[in-house]
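Trainee: Just run-v3.tsv, nothing more (TSV, N, CA and C atoms):
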chain	number	residue	atom	x	y	z
I	1	MET	N	14.88	6.77	-16.91
I	1	MET	CA	14.81	8.21	-17.02
I	1	MET	C	15.98	8.72	-17.87
I	2	ASN	N	17.17	8.14	-17.68
I	2	ASN	CA	18.32	8.57	-18.47
I	2	ASN	C	18.10	8.35	-19.95
I	3	GLU	N	17.48	7.22	-20.29
I	3	GLU	CA	17.21	6.92	-21.70
I	3	GLU	C	16.28	7.96	-22.31
I	4	ASN	N	15.26	8.35	-21.61
I	4	ASN	CA	14.35	9.38	-22.13
I	4	ASN	C	15.06	10.72	-22.29
I	5	GLN	N	16.00	11.03	-21.42
I	5	GLN	CA	16.75	12.28	-21.54
I	5	GLN	C	17.66	12.27	-22.76
I	6	ARG	N	18.14	11.10	-23.14
I	6	ARG	CA	19.01	10.98	-24.32
I	6	ARG	C	18.23	11.10	-25.63
I	7	ARG	N	16.97	10.81	-25.60
I	7	ARG	CA	16.16	10.82	-26.82
I	7	ARG	C	15.79	12.25	-27.20
I	8	GLY	N	15.67	12.45	-28.50
I	8	GLY	CA	15.29	13.77	-29.01
I	8	GLY	C	13.79	13.96	-29.04
I	9	ARG	N	13.36	15.13	-29.48
I	9	ARG	CA	11.94	15.47	-29.52
I	9	ARG	C	11.14	14.55	-30.44
I	10	HIS	N	11.77	14.07	-31.47
I	10	HIS	CA	11.05	13.29	-32.46
I	10	HIS	C	11.16	11.79	-32.24
I	11	ASP	N	11.92	11.38	-31.23
I	11	ASP	CA	12.02	9.96	-30.88
I	11	ASP	C	10.85	9.58	-29.98
I	12	PRO	N	10.41	8.34	-30.08
I	12	PRO	CA	9.33	7.91	-29.18
I	12	PRO	C	9.84	7.82	-27.74
I	13	GLU	N	8.92	7.98	-26.80
I	13	GLU	CA	9.26	7.86	-25.39
I	13	GLU	C	9.68	6.43	-25.09
I	14	PHE	N	10.69	6.28	-24.27
I	14	PHE	CA	11.18	4.96	-23.85
I	14	PHE	C	10.16	4.37	-22.88
I	15	GLU	N	9.59	3.25	-23.25
I	15	GLU	CA	8.53	2.64	-22.46
I	15	GLU	C	9.04	1.46	-21.65
I	16	LEU	N	8.28	1.06	-20.67
I	16	LEU	CA	8.63	-0.08	-19.82
I	16	LEU	C	8.85	-1.34	-20.66
I	17	ILE	N	8.04	-1.54	-21.67
I	17	ILE	CA	8.18	-2.72	-22.53
I	17	ILE	C	9.53	-2.73	-23.25
I	18	ASP	N	10.12	-1.55	-23.48
I	18	ASP	CA	11.41	-1.44	-24.17
I	18	ASP	C	12.58	-1.90	-23.31
I	19	THR	N	12.38	-2.06	-22.02
I	19	THR	CA	13.47	-2.43	-21.12
I	19	THR	C	13.81	-3.92	-21.18
I	20	GLY	N	12.91	-4.73	-21.75
I	20	GLY	CA	13.11	-6.17	-21.77
I	20	GLY	C	12.55	-6.86	-20.55
I	21	ILE	N	11.94	-6.10	-19.66
I	21	ILE	CA	11.43	-6.67	-18.41
I	21	ILE	C	10.34	-7.72	-18.63
I	22	PHE	N	9.64	-7.63	-19.76
I	22	PHE	CA	8.57	-8.59	-20.05
I	22	PHE	C	9.01	-9.72	-20.96
I	23	ASP	N	10.30	-9.79	-21.29
I	23	ASP	CA	10.80	-10.88	-22.12
I	23	ASP	C	10.48	-12.22	-21.44
I	24	GLU	N	10.14	-13.19	-22.19
I	24	GLU	CA	9.78	-14.53	-21.72
I	24	GLU	C	8.53	-14.53	-20.84
I	25	ASN	N	7.77	-13.45	-20.87
I	25	ASN	CA	6.51	-13.35	-20.11
I	25	ASN	C	6.68	-13.67	-18.63
I	26	ARG	N	7.74	-13.19	-18.02
I	26	ARG	CA	7.97	-13.44	-16.60
I	26	ARG	C	7.49	-12.23	-15.79
I	27	TYR	N	6.19	-12.17	-15.60
I	27	TYR	CA	5.60	-11.08	-14.82
I	27	TYR	C	4.26	-11.56	-14.27
I	28	PHE	N	3.69	-10.77	-13.39
I	28	PHE	CA	2.38	-11.05	-12.80
I	28	PHE	C	1.41	-9.97	-13.24
I	29	ASP	N	0.19	-10.36	-13.54
I	29	ASP	CA	-0.91	-9.42	-13.69
I	29	ASP	C	-1.65	-9.41	-12.36
I	30	VAL	N	-1.88	-8.22	-11.81
I	30	VAL	CA	-2.60	-8.09	-10.55
I	30	VAL	C	-3.85	-7.26	-10.81
I	31	PHE	N	-4.98	-7.83	-10.49
I	31	PHE	CA	-6.26	-7.15	-10.66
I	31	PHE	C	-6.86	-6.91	-9.28
I	32	ILE	N	-7.34	-5.69	-9.06
I	32	ILE	CA	-7.98	-5.34	-7.79
I	32	ILE	C	-9.39	-4.86	-8.12
I	33	GLU	N	-10.35	-5.53	-7.52
I	33	GLU	CA	-11.75	-5.20	-7.78
I	33	GLU	C	-12.40	-4.74	-6.47
I	34	TYR	N	-13.25	-3.73	-6.57
I	34	TYR	CA	-13.98	-3.20	-5.42
I	34	TYR	C	-15.47	-3.36	-5.66
I	35	ALA	N	-16.19	-3.82	-4.66
I	35	ALA	CA	-17.64	-3.90	-4.70
I	35	ALA	C	-18.16	-3.20	-3.45
I	36	LYS	N	-18.97	-2.21	-3.65
I	36	LYS	CA	-19.46	-1.41	-2.53
I	36	LYS	C	-20.94	-1.73	-2.29
I	37	VAL	N	-21.22	-2.38	-1.18
I	37	VAL	CA	-22.60	-2.73	-0.82
I	37	VAL	C	-23.30	-1.50	-0.24
I	38	SER	N	-22.57	-0.77	0.57
I	38	SER	CA	-23.08	0.45	1.22
I	38	SER	C	-21.88	1.32	1.54
I	39	PRO	N	-22.11	2.54	2.00
I	39	PRO	CA	-20.96	3.38	2.37
I	39	PRO	C	-20.06	2.76	3.43
I	40	GLU	N	-20.58	1.84	4.21
I	40	GLU	CA	-19.83	1.22	5.30
I	40	GLU	C	-19.38	-0.20	5.00
I	41	ASP	N	-19.67	-0.73	3.80
I	41	ASP	CA	-19.38	-2.14	3.52
I	41	ASP	C	-18.77	-2.26	2.12
I	42	ILE	N	-17.46	-2.52	2.08
I	42	ILE	CA	-16.73	-2.60	0.81
I	42	ILE	C	-15.99	-3.93	0.74
I	43	LEU	N	-16.10	-4.61	-0.38
I	43	LEU	CA	-15.35	-5.84	-0.62
I	43	LEU	C	-14.22	-5.52	-1.59
I	44	ILE	N	-13.03	-6.02	-1.28
I	44	ILE	CA	-11.89	-5.86	-2.18
I	44	ILE	C	-11.38	-7.26	-2.51
I	45	ARG	N	-11.27	-7.56	-3.81
I	45	ARG	CA	-10.77	-8.86	-4.24
I	45	ARG	C	-9.51	-8.66	-5.07
I	46	PHE	N	-8.46	-9.40	-4.69
I	46	PHE	CA	-7.19	-9.38	-5.42
I	46	PHE	C	-7.09	-10.67	-6.23
I	47	THR	N	-6.83	-10.54	-7.51
I	47	THR	CA	-6.62	-11.69	-8.38
I	47	THR	C	-5.25	-11.53	-9.02
I	48	VAL	N	-4.40	-12.55	-8.87
I	48	VAL	CA	-3.04	-12.48	-9.39
I	48	VAL	C	-2.83	-13.62	-10.38
I	49	HIS	N	-2.31	-13.27	-11.57
I	49	HIS	CA	-2.00	-14.27	-12.59
I	49	HIS	C	-0.49	-14.25	-12.85
I	50	ASN	N	0.14	-15.39	-12.71
I	50	ASN	CA	1.55	-15.54	-13.03
I	50	ASN	C	1.64	-15.80	-14.53
I	51	ARG	N	2.27	-14.91	-15.27
I	51	ARG	CA	2.38	-15.07	-16.72
I	51	ARG	C	3.68	-15.78	-17.12
I	52	GLY	N	4.51	-16.10	-16.14
I	52	GLY	CA	5.78	-16.76	-16.42
I	52	GLY	C	5.62	-18.25	-16.64
I	53	PRO	N	6.65	-18.90	-17.15
I	53	PRO	CA	6.59	-20.33	-17.45
I	53	PRO	C	6.72	-21.23	-16.22
I	54	GLU	N	7.21	-20.70	-15.08
I	54	GLU	CA	7.37	-21.51	-13.87
I	54	GLU	C	6.55	-20.94	-12.73
I	55	ASP	N	6.30	-21.78	-11.73
I	55	ASP	CA	5.64	-21.31	-10.52
I	55	ASP	C	6.51	-20.25	-9.86
I	56	ALA	N	5.89	-19.24	-9.30
I	56	ALA	CA	6.63	-18.18	-8.60
I	56	ALA	C	5.73	-17.62	-7.51
I	57	THR	N	6.35	-17.05	-6.51
I	57	THR	CA	5.64	-16.48	-5.38
I	57	THR	C	5.55	-14.97	-5.54
I	58	VAL	N	4.44	-14.41	-5.14
I	58	VAL	CA	4.27	-12.96	-5.12
I	58	VAL	C	3.57	-12.61	-3.81
I	59	SER	N	3.94	-11.46	-3.23
I	59	SER	CA	3.30	-10.99	-2.00
I	59	SER	C	2.43	-9.79	-2.34
I	60	ILE	N	1.23	-9.78	-1.83
I	60	ILE	CA	0.30	-8.67	-2.00
I	60	ILE	C	0.27	-7.92	-0.68
I	61	ILE	N	0.36	-6.62	-0.73
I	61	ILE	CA	0.42	-5.82	0.50
I	61	ILE	C	-0.70	-4.78	0.50
I	62	PRO	N	-1.91	-5.19	0.89
I	62	PRO	CA	-2.97	-4.18	1.05
I	62	PRO	C	-2.65	-3.31	2.27
I	63	GLN	N	-3.17	-2.10	2.30
I	63	GLN	CA	-2.85	-1.19	3.39
I	63	GLN	C	-4.10	-0.51	3.93
I	64	LEU	N	-4.10	-0.31	5.22
I	64	LEU	CA	-5.05	0.58	5.88
I	64	LEU	C	-4.24	1.78	6.34
I	65	TRP	N	-4.71	2.96	6.07
I	65	TRP	CA	-3.96	4.11	6.57
I	65	TRP	C	-4.89	5.26	6.89
I	66	PHE	N	-4.42	6.11	7.76
I	66	PHE	CA	-5.15	7.30	8.17
I	66	PHE	C	-4.28	8.52	7.90
I	67	ARG	N	-4.90	9.59	7.58
I	67	ARG	CA	-4.18	10.85	7.43
I	67	ARG	C	-3.61	11.20	8.80
I	68	ASN	N	-2.33	11.49	8.83
I	68	ASN	CA	-1.65	11.75	10.10
I	68	ASN	C	-1.92	13.18	10.53
I	69	THR	N	-2.90	13.34	11.39
I	69	THR	CA	-3.21	14.67	11.94
I	69	THR	C	-2.67	14.81	13.36
I	70	TRP	N	-2.31	13.69	14.01
I	70	TRP	CA	-1.81	13.75	15.39
I	70	TRP	C	-0.41	14.33	15.45
I	71	SER	N	0.45	14.05	14.49
I	71	SER	CA	1.80	14.62	14.51
I	71	SER	C	1.77	16.11	14.20
I	72	TRP	N	0.73	16.56	13.53
I	72	TRP	CA	0.63	17.98	13.17
I	72	TRP	C	0.01	18.80	14.30
I	73	GLY	N	-0.49	18.11	15.34
I	73	GLY	CA	-1.12	18.82	16.44
I	73	GLY	C	-2.58	19.16	16.16
I	74	LEU	N	-3.17	18.62	15.08
I	74	LEU	CA	-4.56	18.92	14.76
I	74	LEU	C	-5.53	18.08	15.58
I	75	THR	N	-5.08	16.92	16.03
I	75	THR	CA	-5.88	16.06	16.90
I	75	THR	C	-4.97	15.53	17.99
I	76	ASP	N	-5.58	15.01	19.03
I	76	ASP	CA	-4.78	14.49	20.14
I	76	ASP	C	-4.94	12.97	20.28
I	77	PHE	N	-5.32	12.30	19.20
I	77	PHE	CA	-5.47	10.85	19.25
I	77	PHE	C	-4.91	10.23	17.99
I	78	LYS	N	-4.54	8.95	18.10
I	78	LYS	CA	-4.09	8.15	16.96
I	78	LYS	C	-5.05	6.98	16.82
I	79	PRO	N	-5.48	6.68	15.61
I	79	PRO	CA	-6.28	5.47	15.41
I	79	PRO	C	-5.44	4.24	15.77
I	80	GLU	N	-6.11	3.15	16.12
I	80	GLU	CA	-5.40	1.93	16.51
I	80	GLU	C	-5.97	0.74	15.76
I	81	LEU	N	-5.10	-0.23	15.49
I	81	LEU	CA	-5.48	-1.48	14.85
I	81	LEU	C	-5.19	-2.62	15.82
I	82	PHE	N	-6.09	-3.60	15.84
I	82	PHE	CA	-5.93	-4.76	16.71
I	82	PHE	C	-6.21	-6.03	15.92
I	83	ALA	N	-5.36	-7.03	16.06
I	83	ALA	CA	-5.63	-8.33	15.46
I	83	ALA	C	-6.58	-9.07	16.39
I	84	VAL	N	-7.81	-9.27	15.96
I	84	VAL	CA	-8.78	-10.02	16.74
I	84	VAL	C	-8.45	-11.50	16.67
I	85	ASN	N	-8.13	-11.96	15.47
I	85	ASN	CA	-7.64	-13.31	15.23
I	85	ASN	C	-6.87	-13.27	13.90
I	86	LYS	N	-6.61	-14.42	13.28
I	86	LYS	CA	-5.80	-14.43	12.05
I	86	LYS	C	-6.53	-13.89	10.83
I	87	GLU	N	-7.83	-13.63	10.95
I	87	GLU	CA	-8.60	-13.16	9.79
I	87	GLU	C	-9.34	-11.86	10.02
I	88	ILE	N	-9.28	-11.31	11.23
I	88	ILE	CA	-10.07	-10.10	11.52
I	88	ILE	C	-9.19	-9.06	12.19
I	89	ILE	N	-9.27	-7.84	11.68
I	89	ILE	CA	-8.58	-6.69	12.27
I	89	ILE	C	-9.64	-5.68	12.70
I	90	ARG	N	-9.57	-5.26	13.93
I	90	ARG	CA	-10.47	-4.21	14.44
I	90	ARG	C	-9.75	-2.88	14.38
I	91	VAL	N	-10.40	-1.88	13.86
I	91	VAL	CA	-9.85	-0.54	13.74
I	91	VAL	C	-10.64	0.36	14.68
I	92	GLU	N	-9.94	1.09	15.54
I	92	GLU	CA	-10.60	2.01	16.46
I	92	GLU	C	-10.18	3.44	16.13
I	93	HIS	N	-11.19	4.29	15.92
I	93	HIS	CA	-10.96	5.69	15.59
I	93	HIS	C	-11.94	6.52	16.42
I	94	ARG	N	-11.45	7.58	17.02
I	94	ARG	CA	-12.30	8.38	17.92
I	94	ARG	C	-13.54	8.91	17.20
I	95	ASP	N	-13.39	9.42	16.00
I	95	ASP	CA	-14.52	10.01	15.28
I	95	ASP	C	-15.30	9.00	14.44
I	96	LEU	N	-14.61	8.01	13.87
I	96	LEU	CA	-15.25	7.03	12.99
I	96	LEU	C	-15.78	5.82	13.73
I	97	GLY	N	-15.36	5.64	14.97
I	97	GLY	CA	-15.80	4.49	15.75
I	97	GLY	C	-15.03	3.23	15.38
I	98	SER	N	-15.65	2.07	15.60
I	98	SER	CA	-15.03	0.79	15.30
I	98	SER	C	-15.30	0.40	13.86
I	99	ARG	N	-14.28	-0.11	13.22
I	99	ARG	CA	-14.38	-0.64	11.87
I	99	ARG	C	-13.70	-2.00	11.89
I	100	TRP	N	-14.01	-2.85	10.90
I	100	TRP	CA	-13.50	-4.20	10.86
I	100	TRP	C	-12.96	-4.50	9.48
I	101	LEU	N	-11.83	-5.16	9.44
I	101	LEU	CA	-11.26	-5.65	8.18
I	101	LEU	C	-11.22	-7.17	8.28
I	102	TYR	N	-11.94	-7.83	7.38
I	102	TYR	CA	-12.00	-9.29	7.36
I	102	TYR	C	-11.12	-9.78	6.22
I	103	CYS	N	-10.19	-10.67	6.54
I	103	CYS	CA	-9.25	-11.21	5.57
I	103	CYS	C	-9.60	-12.67	5.30
I	104	ASP	N	-9.48	-13.07	4.06
I	104	ASP	CA	-9.76	-14.46	3.68
I	104	ASP	C	-8.47	-15.26	3.69
I	105	GLY	N	-8.50	-16.44	4.29
I	105	GLY	CA	-7.36	-17.34	4.21
I	105	GLY	C	-6.30	-17.16	5.28
I	106	ALA	N	-6.58	-16.48	6.36
I	106	ALA	CA	-5.64	-16.32	7.47
I	106	ALA	C	-4.26	-15.85	7.04
I	107	PRO	N	-4.15	-14.67	6.40
I	107	PRO	CA	-2.84	-14.18	5.97
I	107	PRO	C	-1.97	-13.78	7.15
I	108	GLU	N	-0.69	-13.64	6.90
I	108	GLU	CA	0.21	-13.12	7.93
I	108	GLU	C	-0.06	-11.63	8.07
I	109	LEU	N	-0.30	-11.18	9.29
I	109	LEU	CA	-0.60	-9.78	9.54
I	109	LEU	C	0.64	-9.08	10.07
I	110	LEU	N	0.90	-7.89	9.58
I	110	LEU	CA	2.03	-7.09	10.04
I	110	LEU	C	1.53	-5.68	10.28
I	111	PHE	N	1.78	-5.17	11.47
I	111	PHE	CA	1.37	-3.82	11.83
I	111	PHE	C	2.61	-2.98	12.05
I	112	CYS	N	2.65	-1.81	11.45
I	112	CYS	CA	3.78	-0.93	11.69
I	112	CYS	C	3.34	0.52	11.53
I	113	GLU	N	4.09	1.40	12.14
I	113	GLU	CA	3.90	2.83	11.92
I	113	GLU	C	5.00	3.26	10.96
I	114	ASN	N	4.59	3.87	9.89
I	114	ASN	CA	5.52	4.16	8.81
I	114	ASN	C	5.75	5.66	8.70
I	115	GLU	N	6.26	6.26	9.75
I	115	GLU	CA	6.53	7.69	9.74
I	115	GLU	C	7.96	7.93	9.26
I	116	THR	N	8.12	8.91	8.41
I	116	THR	CA	9.44	9.24	7.89
I	116	THR	C	10.27	9.93	8.97
I	117	ASN	N	11.49	9.48	9.14
I	117	ASN	CA	12.42	10.10	10.08
I	117	ASN	C	13.24	11.14	9.31
I	118	TYR	N	12.69	12.36	9.20
I	118	TYR	CA	13.34	13.40	8.41
I	118	TYR	C	14.69	13.81	8.99
I	119	ARG	N	14.82	13.79	10.31
I	119	ARG	CA	16.10	14.17	10.92
I	119	ARG	C	17.19	13.18	10.50
I	120	ARG	N	16.89	11.87	10.52
I	120	ARG	CA	17.89	10.87	10.15
I	120	ARG	C	18.17	10.87	8.65
I	121	LEU	N	17.12	11.00	7.83
I	121	LEU	CA	17.30	10.94	6.38
I	121	LEU	C	17.91	12.21	5.80
I	122	TYR	N	17.43	13.36	6.29
I	122	TYR	CA	17.81	14.62	5.66
I	122	TYR	C	18.53	15.59	6.60
I	123	GLY	N	18.72	15.17	7.85
I	123	GLY	CA	19.42	16.03	8.80
I	123	GLY	C	18.62	17.24	9.23
I	124	SER	N	17.30	17.21	9.03
I	124	SER	CA	16.46	18.35	9.35
I	124	SER	C	15.12	17.86	9.87
I	125	SER	N	14.52	18.63	10.73
I	125	SER	CA	13.18	18.29	11.20
I	125	SER	C	12.14	19.17	10.53
I	126	ALA	N	12.53	19.91	9.50
I	126	ALA	CA	11.64	20.88	8.86
I	126	ALA	C	10.38	20.24	8.28
I	127	MET	N	10.48	19.00	7.81
I	127	MET	CA	9.33	18.36	7.17
I	127	MET	C	8.52	17.50	8.13
I	128	GLU	N	8.86	17.45	9.40
I	128	GLU	CA	8.19	16.53	10.31
I	128	GLU	C	6.69	16.77	10.40
I	129	GLY	N	6.24	17.97	10.19
I	129	GLY	CA	4.81	18.25	10.25
I	129	GLY	C	4.04	17.72	9.07
I	130	PHE	N	4.71	17.22	8.05
I	130	PHE	CA	4.04	16.77	6.84
I	130	PHE	C	4.05	15.25	6.70
I	131	GLN	N	4.26	14.55	7.79
I	131	GLN	CA	4.32	13.09	7.75
I	131	GLN	C	2.92	12.50	7.66
I	132	ARG	N	2.89	11.25	7.26
I	132	ARG	CA	1.64	10.50	7.23
I	132	ARG	C	1.98	9.09	7.69
I	133	THR	N	1.08	8.49	8.40
I	133	THR	CA	1.33	7.14	8.91
I	133	THR	C	0.56	6.12	8.09
I	134	ALA	N	1.25	5.10	7.64
I	134	ALA	CA	0.60	3.99	6.94
I	134	ALA	C	0.61	2.79	7.86
I	135	LEU	N	-0.50	2.15	7.99
I	135	LEU	CA	-0.62	0.97	8.80
I	135	LEU	C	-0.83	-0.18	7.83
I	136	MET	N	0.10	-1.12	7.79
I	136	MET	CA	0.12	-2.09	6.70
I	136	MET	C	-0.25	-3.49	7.15
I	137	ILE	N	-0.83	-4.20	6.23
I	137	ILE	CA	-1.16	-5.60	6.44
I	137	ILE	C	-0.52	-6.38	5.31
I	138	ILE	N	0.23	-7.40	5.62
I	138	ILE	CA	0.84	-8.23	4.58
I	138	ILE	C	0.09	-9.54	4.52
I	139	SER	N	-0.31	-9.92	3.33
I	139	SER	CA	-0.98	-11.23	3.17
I	139	SER	C	-0.29	-12.02	2.08
Translate the structure described by the file into structure tokens.
Mentor:
Amino acid sequence: MNENQRRGRHDPEFELIDTGIFDENRYFDVFIEYAKVSPEDILIRFTVHNRGPEDATVSIIPQLWFRNTWSWGLTDFKPELFAVNKEIIRVEHRDLGSRWLYCDGAPELLFCENETNYRRLYGSSAMEGFQRTALMIIS
């Protein structure tokens, strides 16, 4: 951002490629494809290509999340996630009913509530009504 602020109106915008981050082709291409069989049945495929010269590890973090209406007082329930086994997650929602997430390859599952602690971060609770909860799965 500082580099773009230093540039004048007639200079080109400083791009990510200009940083040198892609030198020696040390990056990953990540492709995410969606196939929708029906409104209730969606397949998501992640394809990752290592463009670097050596083997390297990358973590993909797909997420399930719900709009946080319970902290705002608009609803009196929170959706819940349950690990049925290493490849299946059951989602329970009062209005949507049961939903299932099937994972290929038995990934490591991580469940957390990701609400911002505005009092700790900013010393104020003024924004607490605008939080959203992300429920994450790490594979």
Trainee: Find the residues around Tyr34 in chain I up to 12 Å (only C-alpha atoms counted), leave out those fewer than 4 positions away in its own chain, and share them as number ranges by chain.
Mentor: I: 38, 41-47
Trainee: With N, CA and C atoms retained, export the selected residues as a PDB file, in the frame of the given file.
Mentor:
ATOM      1  N   SER I  38     -22.570  -0.770   0.570  1.00  0.00           N
ATOM      2  CA  SER I  38     -23.080   0.450   1.220  1.00  0.00           C
ATOM      3  C   SER I  38     -21.880   1.320   1.540  1.00  0.00           C
ATOM      4  N   ASP I  41     -19.670  -0.730   3.800  1.00  0.00           N
ATOM      5  CA  ASP I  41     -19.380  -2.140   3.520  1.00  0.00           C
ATOM      6  C   ASP I  41     -18.770  -2.260   2.120  1.00  0.00           C
ATOM      7  N   ILE I  42     -17.460  -2.520   2.080  1.00  0.00           N
ATOM      8  CA  ILE I  42     -16.730  -2.600   0.810  1.00  0.00           C
ATOM      9  C   ILE I  42     -15.990  -3.930   0.740  1.00  0.00           C
ATOM     10  N   LEU I  43     -16.100  -4.610  -0.380  1.00  0.00           N
ATOM     11  CA  LEU I  43     -15.350  -5.840  -0.620  1.00  0.00           C
ATOM     12  C   LEU I  43     -14.220  -5.520  -1.590  1.00  0.00           C
ATOM     13  N   ILE I  44     -13.030  -6.020  -1.280  1.00  0.00           N
ATOM     14  CA  ILE I  44     -11.890  -5.860  -2.180  1.00  0.00           C
ATOM     15  C   ILE I  44     -11.380  -7.260  -2.510  1.00  0.00           C
ATOM     16  N   ARG I  45     -11.270  -7.560  -3.810  1.00  0.00           N
ATOM     17  CA  ARG I  45     -10.770  -8.860  -4.240  1.00  0.00           C
ATOM     18  C   ARG I  45      -9.510  -8.660  -5.070  1.00  0.00           C
ATOM     19  N   PHE I  46      -8.460  -9.400  -4.690  1.00  0.00           N
ATOM     20  CA  PHE I  46      -7.190  -9.380  -5.420  1.00  0.00           C
ATOM     21  C   PHE I  46      -7.090 -10.670  -6.230  1.00  0.00           C
ATOM     22  N   THR I  47      -6.830 -10.540  -7.510  1.00  0.00           N
ATOM     23  CA  THR I  47      -6.620 -11.690  -8.380  1.00  0.00           C
ATOM     24  C   THR I  47      -5.250 -11.530  -9.020  1.00  0.00           C
TER      25      THR I  47
END
Trainee: Contacts of range 81-89 of chain I at 8 Å or less, counting only N, CA and C atoms, minus same-chain residues fewer than 3 places along, as an NGL selection string?
Mentor: :I and (78 or 92-93 or 99-109 or 111)
Trainee: Hey, can you check how far atom C of Thr19 in chain I sits from atom C of Arg6 in chain I?
Mentor: 16.3 Å
Trainee: Give the alpha helix (DSSP H) residues of chain I, as DSSP finds them on the backbone, and put them as a list in words.
Mentor: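 After running DSSP on the backbone, chain I has alpha helix (DSSP H) at Asn2, Glu3, Asn4, Gln5, Arg6, Tyr118, Arg119, Arg120, Leu121 and Tyr122 of chain I.
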Trainee: Using N, CA and C atoms, can you write the selected residues to a file as a tab-separated table (two decimals), in the coordinates of the input?
Mentor:
chain	number	residue	atom	x	y	z
I	2	ASN	N	17.17	8.14	-17.68
I	2	ASN	CA	18.32	8.57	-18.47
I	2	ASN	C	18.10	8.35	-19.95
I	3	GLU	N	17.48	7.22	-20.29
I	3	GLU	CA	17.21	6.92	-21.70
I	3	GLU	C	16.28	7.96	-22.31
I	4	ASN	N	15.26	8.35	-21.61
I	4	ASN	CA	14.35	9.38	-22.13
I	4	ASN	C	15.06	10.72	-22.29
I	5	GLN	N	16.00	11.03	-21.42
I	5	GLN	CA	16.75	12.28	-21.54
I	5	GLN	C	17.66	12.27	-22.76
I	6	ARG	N	18.14	11.10	-23.14
I	6	ARG	CA	19.01	10.98	-24.32
I	6	ARG	C	18.23	11.10	-25.63
I	118	TYR	N	12.69	12.36	9.20
I	118	TYR	CA	13.34	13.40	8.41
I	118	TYR	C	14.69	13.81	8.99
I	119	ARG	N	14.82	13.79	10.31
I	119	ARG	CA	16.10	14.17	10.92
I	119	ARG	C	17.19	13.18	10.50
I	120	ARG	N	16.89	11.87	10.52
I	120	ARG	CA	17.89	10.87	10.15
I	120	ARG	C	18.17	10.87	8.65
I	121	LEU	N	17.12	11.00	7.83
I	121	LEU	CA	17.30	10.94	6.38
I	121	LEU	C	17.91	12.21	5.80
I	122	TYR	N	17.43	13.36	6.29
I	122	TYR	CA	17.81	14.62	5.66
I	122	TYR	C	18.53	15.59	6.60
Trainee: Can you list every residue in range 60-127 of chain I that DSSP puts in strand (DSSP E or B), as a count of residues only?
Mentor: 20
Trainee: Output, as AutoDock Vina command-line options, the centre and edge lengths in Å (one decimal) of the axis-aligned box that contains all listed atoms of range 46-51 of chain I with 6 Å of margin on each side.
Mentor:
--center_x -2.4 --center_y -12.6 --center_z -10.9 --size_x 24.1 --size_y 18.4 --size_z 24.4
Trainee: Around (8.6, -19.2, -19.2) in the file's own coordinates, what residues are found within 7 Å if you use only N, CA and C atoms, given back as an NGL selection string?
Mentor: :I and (24-26 or 51-54)
Trainee: Write out as a list in words which residues come within 8 Å of Arg94 in chain I when counting all atoms listed in the file, dropping same-chain ones fewer than 2 positions away.
Mentor: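 So the residues in contact are Phe77, Lys78, Pro79, Glu80, Val91, Glu92, Leu96, Gly97 and Ser98 of chain I.
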Trainee: Between CA of His49 in chain I and CA of Trp65 in chain I, what distance in Å does the model show, to one decimal?
Mentor: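 Separation between CA of His49 in chain I and CA of Trp65 in chain I: 26.6 Å.
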Trainee: Between CA of Asp18 in chain I and atom N of Glu3 in chain I, measure the distance and give it in Å to one decimal.
Mentor: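 Separation of CA of Asp18 in chain I and atom N of Glu3 in chain I: 11.3 Å.
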Trainee: At a cut-off of 6.5 Å, using all atoms listed in the file, what residues contact Val48 in chain I? Leave out same-chain residues fewer than 5 positions from it and give the result as number ranges by chain.
Mentor: I: 28-31
Trainee: Got a sec to write range 106-116 of chain I of the block to a file, N, CA and C atoms, as a PDB file, in the first residue's frame?
Mentor:
ATOM      1  N   ALA I 106     -10.454 -38.447   5.109  1.00  0.00           N
ATOM      2  CA  ALA I 106     -10.342 -38.340   6.567  1.00  0.00           C
ATOM      3  C   ALA I 106      -9.455 -37.186   7.017  1.00  0.00           C
ATOM      4  N   PRO I 107      -9.793 -35.935   6.666  1.00  0.00           N
ATOM      5  CA  PRO I 107      -8.975 -34.795   7.085  1.00  0.00           C
ATOM      6  C   PRO I 107      -9.078 -34.548   8.581  1.00  0.00           C
ATOM      7  N   GLU I 108      -8.149 -33.775   9.097  1.00  0.00           N
ATOM      8  CA  GLU I 108      -8.238 -33.357  10.497  1.00  0.00           C
ATOM      9  C   GLU I 108      -9.355 -32.322  10.603  1.00  0.00           C
ATOM     10  N   LEU I 109     -10.279 -32.532  11.519  1.00  0.00           N
ATOM     11  CA  LEU I 109     -11.406 -31.623  11.686  1.00  0.00           C
ATOM     12  C   LEU I 109     -11.153 -30.717  12.883  1.00  0.00           C
ATOM     13  N   LEU I 110     -11.448 -29.449  12.732  1.00  0.00           N
ATOM     14  CA  LEU I 110     -11.302 -28.482  13.813  1.00  0.00           C
ATOM     15  C   LEU I 110     -12.570 -27.654  13.864  1.00  0.00           C
ATOM     16  N   PHE I 111     -13.179 -27.589  15.031  1.00  0.00           N
ATOM     17  CA  PHE I 111     -14.393 -26.811  15.223  1.00  0.00           C
ATOM     18  C   PHE I 111     -14.093 -25.666  16.175  1.00  0.00           C
ATOM     19  N   CYS I 112     -14.499 -24.473  15.815  1.00  0.00           N
ATOM     20  CA  CYS I 112     -14.305 -23.353  16.727  1.00  0.00           C
ATOM     21  C   CYS I 112     -15.386 -22.307  16.480  1.00  0.00           C
ATOM     22  N   GLU I 113     -15.616 -21.501  17.482  1.00  0.00           N
ATOM     23  CA  GLU I 113     -16.478 -20.342  17.328  1.00  0.00           C
ATOM     24  C   GLU I 113     -15.560 -19.146  17.190  1.00  0.00           C
ATOM     25  N   ASN I 114     -15.760 -18.410  16.138  1.00  0.00           N
ATOM     26  CA  ASN I 114     -14.833 -17.352  15.783  1.00  0.00           C
ATOM     27  C   ASN I 114     -15.485 -15.990  15.959  1.00  0.00           C
ATOM     28  N   GLU I 115     -15.908 -15.683  17.175  1.00  0.00           N
ATOM     29  CA  GLU I 115     -16.534 -14.396  17.443  1.00  0.00           C
ATOM     30  C   GLU I 115     -15.470 -13.395  17.870  1.00  0.00           C
ATOM     31  N   THR I 116     -15.569 -12.204  17.349  1.00  0.00           N
ATOM     32  CA  THR I 116     -14.617 -11.150  17.682  1.00  0.00           C
ATOM     33  C   THR I 116     -14.875 -10.648  19.092  1.00  0.00           C
TER      34      THR I 116
END
